Protein chains: 2
Amino acid sequence: MSDWDARYSARTGKMRASEVRELLKLLDQPDIISFAGGIPDPALFPKDAIKEAYAAVLHENADAALQYSVSEGYKPLRQWLVQYMASLGVACTIDNIIITTGSQQALDYLGKLFISPGDTILTTWPTYLGALQAFNAYEPHYDRMIPDGGNMTPDAYRANARAAGGQVKLAYLTSDFSNPTGETIGRSDRMKLIDLAHELDIPLIEDAAYRALRYEGENAPSLLALDIEREGHIDQTRVLYSGSFSKTLTPGLRVGWICAAHPVISKLVLIKQAADLHSPTINQMVIHHVAERHFDAQVEKARKHYRQRRDHMLNALARYMPEGVTWTKPEGGMFVWMTLPDHMDGAALLARSIEQIRVAFVPGAAFHADGTGRNTIRLNFSLPDAEAIDTGMQRLGGLIKSEMDQVRAQR
Amino acid sequence: MSDWDARYSARTGKMRASEVRELLKLLDQPDIISFAGGIPDPALFPKDAIKEAYAAVLHENADAALQYSVSEGYKPLRQWLVQYMASLGVACTIDNIIITTGSQQALDYLGKLFISPGDTILTTWPTYLGALQAFNAYEPHYDRMIPDGGNMTPDAYRANARAAGGQVKLAYLTSDFSNPTGETIGRSDRMKLIDLAHELDIPLIEDAAYRALRYEGENAPSLLALDIEREGHIDQTRVLYSGSFSKTLTPGLRVGWICAAHPVISKLVLIKQAADLHSPTINQMVIHHVAERHFDAQVEKARKHYRQRRDHMLNALARYMPEGVTWTKPEGGMFVWMTLPDHMDGAALLARSIEQIRVAFVPGAAFHADGTGRNTIRLNFSLPDAEAIDTGMQRLGGLIKSEMDQVRAQR
């Protein structure tokens, strides 16, 4: 068996158990205060609505709920999503929508459709760790996309890709309240990114997993909506919108979707049929049942709940962090991104933090396709409560300050 | 958009909406008698038990049921499967088991782990259409494996694979009551296949989706059990056992599993984490709840129900089919495989059958990696009831006879 590992691991060689995953194990230790996860607060799960939905679906529609189904997904849920996408300015039909097993599966299938080994994917630095993991299975290179000015010319991207042995085939970004930085891309930068995708003639994945969780400010238009404005019809667009119910209703049912030009969706239906036939029928029916009745109220509740936690986090950071440390002020989502002094290493800080002050977070290098970003860390505020945030940031600020003092003393 | 199709379809070029899928659309037409599907009879779904299980899980364990979870799957379900595998003679631990979204996903992930473009997969001719679809995404070649004698030498397989531009990397078969033929591989042939896998040093996928549905005769030992006997420990084996609850409890929850050597399972956990994080938590809990209480009784009920349908099908075939037509006598599963006279084409027969007698089935060529088998068809007996079987086979026998008479008259 041992030789298999070397022979067959081309596709998993770049994969590793994510640091997030390793860190989540720490949550089993009750004295750890964790800012490492990126998961919703279970206190928000609409448990009664979900319980009622399973009972109703199994009462009214059990044969269909428990049977094989079509790969594109449950039609009433896709119809509901047509209305939802319309509320974002996206005019589409059910032929523009496929249901996926969470938005993570959307990334896997899009990698499968578009990437051959050696091709180049454009991403931001940093970007969602799970996207890098999904794409790495298809053995791509990465080049850096800088939304707020500084994008390279299409020719420069093409030349880099050729030098790496392939073509530019795909671009990926989190449009709103990004994981890991919490930042949102402004309207004019969105237009620039769409122009870039058209000039390169490549698909641009708009990962909108956190979009509904805005705590202040105005929504920027979805990139897909902007591309429809530009091209006149969704079937002419290059933006692939990836959505999820994981952050608004529940991640445990694993229901997400892709909204895009029909020619792409029809390929994805073939891919999904070959890869898992379809996402669980009953869960799609339950999500439809709950979304139809409770989506808006649920989103409002989540916004209020997480807004308080974000405010608490930003206040605690302002109070406890020493000078020389900076962080983002997210208008939504679940994360604050912190930049430490240049000399400080997020991974080394984590090791000491666990040992000395029992506080967990994710070192930032994991989110960089090129392994840079060593002096950054990601802090989650959706799961820890006000007291944990206060205690945790006080301890973390103290530790960072003492590390800075030591470095200063050595100079 | 139109140029994307040509540029990006390497992986979907070999995929097509399966004929089964096209045929299932016919089921919407109420006057069609269909033997085309391969789906369980919803009358057997343990609806009350599933309803009770969702209520119990959401009452007792809602936070975990609705939250993100680990990629390898729900631990109590994997523990239940350790006991189940022990009943098949497979000694293993939970580290030898990963939960998948149905057994279709197992095939996708195994293709992803083992196959690079140009590599060779050994399969039977014919084989499960969905396996060809799952593997085709990884652009393999196929070579023919003949279980009941006639296997080529390892060197001959190696030479063929080299000539095709790659290596032999994987073997796949349905061990029991195969889809599409209904046939089961005998013990001595199982040993030969395991020897072949060891000589070629390749993994051998044992697709056991139908294993529990035996209507007569003795169970052959699982290939994995035989390989453990041969090697002394599961972690030394080359057989990858793929199982599913779709045929015994319900397909709509999409729960399957792979049982194999730990080094393979640990790679699959990385692949699953990158591809969809995990299968829906709540469905795994519900399948565990139902399996623990009702699995044996449910299997017994299904065996009795489908045994009657198989008997009805075999009686109807004996009564209505003209001489010159042969078919398998399956000891379990859901399918009979029919061989028509050499000159007859299954696809052409289907077209006339739909038009003239309103009877549907699947032409056999789709199940052959090389497109042969034109004079074969697959008949499902799990869904049509006794009356439909009787009427359908009478009509089909009449059509086939009239086609044979016409050919004779033209000679």
# chains A, B, ... in the order shown; residues from 1 in each chain; ligands from 1
call {"tool": "closest_atom_pairs", "arguments": {"of": "chain B", "to": "chain A", "cutoff": "6 Å", "atoms": "only C-alpha atoms", "output": "Markdown table"}}
result
| residue | atom | partner | partner_atom | distance |
| --- | --- | --- | --- | --- |
| B:Tyr8 | CA | A:Phe114 | CA | 5.5 |
| B:Pro42 | CA | A:Asp63 | CA | 5.6 |
| B:Asp63 | CA | A:Pro42 | CA | 5.6 |
| B:Leu66 | CA | A:Gly252 | CA | 3.9 |
| B:Gln67 | CA | A:Gly252 | CA | 4.6 |
| B:Tyr68 | CA | A:Gly252 | CA | 5.5 |
| B:Gln104 | CA | A:Asp276 | CA | 4.9 |
| B:Gln105 | CA | A:Asp276 | CA | 4.5 |
| B:Asp108 | CA | A:Ala275 | CA | 5.2 |
| B:Phe114 | CA | A:Tyr8 | CA | 5.6 |
| B:Gln133 | CA | A:Ala274 | CA | 5.1 |
| B:Ala134 | CA | A:Ala274 | CA | 4.5 |
| B:Thr250 | CA | A:Leu66 | CA | 5.7 |
| B:Pro251 | CA | A:Gln67 | CA | 5.5 |
| B:Gly252 | CA | A:Leu66 | CA | 3.9 |
| B:Leu253 | CA | A:Pro280 | CA | 4.9 |
| B:Arg254 | CA | A:Pro280 | CA | 5.5 |
| B:Ala274 | CA | A:Ala134 | CA | 4.5 |
| B:Ala275 | CA | A:Asp108 | CA | 5.1 |
| B:Asp276 | CA | A:Gln105 | CA | 4.5 |
| B:Pro280 | CA | A:Leu253 | CA | 4.9 |
| B:Thr281 | CA | A:Gly252 | CA | 5.1 |
call {"tool": "residues_around", "arguments": {"residues": "A:His312", "least_positions_apart": "6", "cutoff": "10 Å", "atoms": "only C-alpha atoms", "output": "VMD selection string"}}
result
chain A and resid 306 318 381 385 to 387 389 to 390
call {"tool": "residues_around", "arguments": {"residues": "A:Ile98", "least_positions_apart": "3", "cutoff": "9 Å", "atoms": "only C-alpha atoms", "output": "mmCIF file with C-alpha atoms, in the first residue's frame"}}
result
data_model
loop_
_atom_site.group_PDB
_atom_site.id
_atom_site.type_symbol
_atom_site.label_atom_id
_atom_site.label_comp_id
_atom_site.auth_asym_id
_atom_site.auth_seq_id
_atom_site.Cartn_x
_atom_site.Cartn_y
_atom_site.Cartn_z
ATOM 1 C CA SER A 71 -29.584 16.691 -11.069
ATOM 2 C CA GLU A 72 -30.447 20.378 -11.550
ATOM 3 C CA GLY A 73 -32.434 20.415 -8.306
ATOM 4 C CA ARG A 78 -35.125 26.965 -8.099
ATOM 5 C CA ILE A 94 -34.908 28.326 -13.523
ATOM 6 C CA ASP A 95 -32.685 27.244 -16.429
ATOM 7 C CA GLY A 256 -26.299 26.121 -2.126
ATOM 8 C CA TRP A 257 -26.779 27.168 -5.744
ATOM 9 C CA ILE A 258 -25.098 28.553 -8.834
ATOM 10 C CA CYS A 259 -26.839 31.195 -10.963
ATOM 11 C CA ALA A 260 -25.199 31.720 -14.372
ATOM 12 C CA ILE A 265 -25.529 25.542 -16.068
ATOM 13 C CA SER A 266 -26.292 22.830 -18.629
ATOM 14 C CA LEU A 268 -22.816 21.692 -14.615
ATOM 15 C CA VAL A 269 -25.959 19.542 -14.681
#
call {"tool": "atom_distance", "arguments": {"atom1": "atom CA of B:Phe35", "atom2": "atom CA of B:Arg378"}}
result
7.9 Å
call {"tool": "residues_around", "arguments": {"residues": "A:Thr181", "least_positions_apart": "5", "cutoff": "7 Å", "atoms": "only C-alpha atoms", "output": "NGL selection string"}}
result
:A and (328 or 335-337)
call {"tool": "write_last_selection", "arguments": {"atoms": "C-alpha atoms", "output": "compact mmCIF listing (two decimals), in the first residue's frame"}}
result
# COMPACT_ATOMS: atom_id res chain seq x y z
CA THR A 328 -10.37 45.71 8.87
CA PHE A 335 -14.49 38.03 10.11
CA VAL A 336 -11.99 40.71 11.03
CA TRP A 337 -8.57 40.53 9.38
call {"tool": "closest_residue", "arguments": {"among": "A:Glu231, A:Gln167, A:Pro180, A:Glu323", "to": "A:Met404", "atoms": "only C-alpha atoms"}}
result
A:Glu323
call {"tool": "decode", "arguments": {"residues": "stretch 45-92 of chain B", "atoms": "C-alpha atoms", "output": "CSV table (one decimal), in the first residue's frame"}}
result
chain,number,residue,atom,x,y,z
B,45,PHE,CA,-39.7,3.6,1.9
B,46,PRO,CA,-39.9,3.5,5.7
B,47,LYS,CA,-41.8,6.8,5.8
B,48,ASP,CA,-43.0,6.6,9.4
B,49,ALA,CA,-39.5,5.6,10.7
B,50,ILE,CA,-37.9,8.4,8.7
B,51,LYS,CA,-40.4,11.0,9.9
B,52,GLU,CA,-39.9,9.8,13.5
B,53,ALA,CA,-36.2,10.0,13.1
B,54,TYR,CA,-36.1,13.6,11.8
B,55,ALA,CA,-38.3,14.6,14.7
B,56,ALA,CA,-36.1,12.8,17.2
B,57,VAL,CA,-32.8,14.1,15.9
B,58,LEU,CA,-34.2,17.7,15.8
B,59,HIS,CA,-35.6,17.3,19.3
B,60,GLU,CA,-32.5,15.7,20.9
B,61,ASN,CA,-29.6,17.0,18.8
B,62,ALA,CA,-30.6,20.0,16.7
B,63,ASP,CA,-27.5,22.1,17.1
B,64,ALA,CA,-25.2,19.4,15.8
B,65,ALA,CA,-27.7,18.2,13.1
B,66,LEU,CA,-27.9,21.7,11.6
B,67,GLN,CA,-24.2,22.7,12.0
B,68,TYR,CA,-21.1,22.1,9.9
B,69,SER,CA,-19.5,18.7,10.6
B,70,VAL,CA,-16.4,16.6,9.9
B,71,SER,CA,-15.7,15.4,6.4
B,72,GLU,CA,-15.3,11.7,7.2
B,73,GLY,CA,-18.9,11.6,8.5
B,74,TYR,CA,-21.1,11.2,11.5
B,75,LYS,CA,-19.3,9.0,14.0
B,76,PRO,CA,-22.2,6.9,15.3
B,77,LEU,CA,-23.2,6.0,11.7
B,78,ARG,CA,-19.6,5.0,10.9
B,79,GLN,CA,-19.7,2.9,14.1
B,80,TRP,CA,-22.9,1.2,12.9
B,81,LEU,CA,-21.3,0.5,9.6
B,82,VAL,CA,-18.3,-1.1,11.3
B,83,GLN,CA,-20.8,-3.6,12.7
B,84,TYR,CA,-22.5,-4.0,9.4
B,85,MET,CA,-19.2,-4.6,7.6
B,86,ALA,CA,-18.3,-7.2,10.3
B,87,SER,CA,-21.5,-9.1,9.3
B,88,LEU,CA,-20.0,-9.4,5.8
B,89,GLY,CA,-16.7,-10.7,7.2
B,90,VAL,CA,-14.9,-7.4,7.0
B,91,ALA,CA,-13.0,-6.6,10.2
B,92,CYS,CA,-12.5,-2.8,10.3
